[in-house]
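Just below is one structure, and these are the notes that go with it.
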Amino acid sequence: MKEMQAAMEKGYKQATKTWGRELPSISKETIDAANKLFEDYYNSKKTEVITE
C-alpha cells in the first residue's frame with residue numbers, strides 16, 4: 001500500500017510539472033481524498049496494546 005501511495009504522489013508531481021503550474025483544485029482535492037483513504041487503511045491495521 002505504501003508503494004501504491006508513493007506512486008500516486010509521484011504521478012501527481014509529474015502531472016503538475018507537465019501542466020506547468022498547479023493543477024486545478026479538483027485534482028488537489030482528489031489526491032487529498034485518496035491520501036485520507038490510505039491513512040484510514042493504515043490506521044485500521046494498527047493493533048492496540050492492552051496492558052493490565
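Each chain in the C-alpha cells gets a letter, A, B and so on, in the order shown; residues start at 1 in every chain, and ligands are counted from 1 in the order they appear.
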
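Look at Thr30 in chain A: the protein and nucleic acid residues within 12 Å of it, using only C-alpha atoms and passing over chain neighbours fewer than 6 places away, are Met8, Glu9, Tyr12, Leu23, Pro24, Lys36 and Leu37 of chain A.
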
Export of prior selection with C-alpha atoms as a compact mmCIF listing (two decimals), in the first residue's frame:
# COMPACT_ATOMS: atom_id res chain seq x y z
CA MET A 8 0.24 8.12 -6.78
CA GLU A 9 2.18 11.04 -5.27
CA TYR A 12 0.69 13.82 -9.22
CA LEU A 23 -3.22 21.58 -11.19
CA PRO A 24 -6.89 22.55 -10.90
CA LYS A 36 -7.10 10.11 3.55
CA LEU A 37 -8.27 6.68 2.40

If you run DSSP over the backbone, which residues in chain A end up helix (DSSP H, G or I)? Put them as a PDB file with C-alpha atoms, in the first residue's frame.
ATOM      1  CA  LYS A   2       2.839   2.386   0.797  1.00  0.00           C
ATOM      2  CA  GLU A   3       4.300   1.770  -2.680  1.00  0.00           C
ATOM      3  CA  MET A   4       0.946   2.493  -4.313  1.00  0.00           C
ATOM      4  CA  GLN A   5       0.596   5.702  -2.341  1.00  0.00           C
ATOM      5  CA  ALA A   6       4.124   6.769  -3.278  1.00  0.00           C
ATOM      6  CA  ALA A   7       3.400   6.020  -6.954  1.00  0.00           C
ATOM      7  CA  MET A   8       0.242   8.124  -6.781  1.00  0.00           C
ATOM      8  CA  GLU A   9       2.179  11.041  -5.269  1.00  0.00           C
ATOM      9  CA  LYS A  10       4.911  10.681  -7.897  1.00  0.00           C
ATOM     10  CA  GLY A  11       2.327  10.743 -10.684  1.00  0.00           C
ATOM     11  CA  TYR A  12       0.691  13.823  -9.219  1.00  0.00           C
ATOM     12  CA  LYS A  13       4.026  15.635  -9.115  1.00  0.00           C
ATOM     13  CA  GLN A  14       4.784  14.606 -12.701  1.00  0.00           C
ATOM     14  CA  ALA A  15       1.365  15.817 -13.853  1.00  0.00           C
ATOM     15  CA  THR A  16       1.910  19.155 -12.107  1.00  0.00           C
ATOM     16  CA  LYS A  17       5.293  19.529 -13.801  1.00  0.00           C
ATOM     17  CA  THR A  18       3.814  18.671 -17.205  1.00  0.00           C
ATOM     18  CA  TRP A  19       0.910  21.076 -16.661  1.00  0.00           C
ATOM     19  CA  SER A  25      -8.289  22.395  -7.375  1.00  0.00           C
ATOM     20  CA  ILE A  26     -10.307  19.245  -8.161  1.00  0.00           C
ATOM     21  CA  SER A  27      -7.002  17.417  -8.679  1.00  0.00           C
ATOM     22  CA  LYS A  28      -5.698  18.512  -5.278  1.00  0.00           C
ATOM     23  CA  GLU A  29      -8.987  17.576  -3.633  1.00  0.00           C
ATOM     24  CA  THR A  30      -8.865  14.153  -5.278  1.00  0.00           C
ATOM     25  CA  ILE A  31      -5.326  13.376  -4.138  1.00  0.00           C
ATOM     26  CA  ASP A  32      -6.137  14.620  -0.629  1.00  0.00           C
ATOM     27  CA  ALA A  33      -9.178  12.312  -0.515  1.00  0.00           C
ATOM     28  CA  ALA A  34      -7.106   9.371  -1.754  1.00  0.00           C
ATOM     29  CA  ASN A  35      -4.418  10.051   0.852  1.00  0.00           C
ATOM     30  CA  LYS A  36      -7.100  10.110   3.546  1.00  0.00           C
ATOM     31  CA  LEU A  37      -8.273   6.679   2.395  1.00  0.00           C
ATOM     32  CA  PHE A  38      -4.697   5.387   2.610  1.00  0.00           C
ATOM     33  CA  GLU A  39      -4.326   6.824   6.125  1.00  0.00           C
ATOM     34  CA  ASP A  40      -7.651   5.317   7.184  1.00  0.00           C
ATOM     35  CA  TYR A  41      -6.456   1.958   5.883  1.00  0.00           C
ATOM     36  CA  TYR A  42      -3.139   2.217   7.758  1.00  0.00           C
ATOM     37  CA  ASN A  43      -4.945   3.183  10.954  1.00  0.00           C
ATOM     38  CA  SER A  44      -7.298   0.222  10.610  1.00  0.00           C
ATOM     39  CA  LYS A  45      -4.294  -2.120  10.545  1.00  0.00           C
TER      40      LYS A  45
END
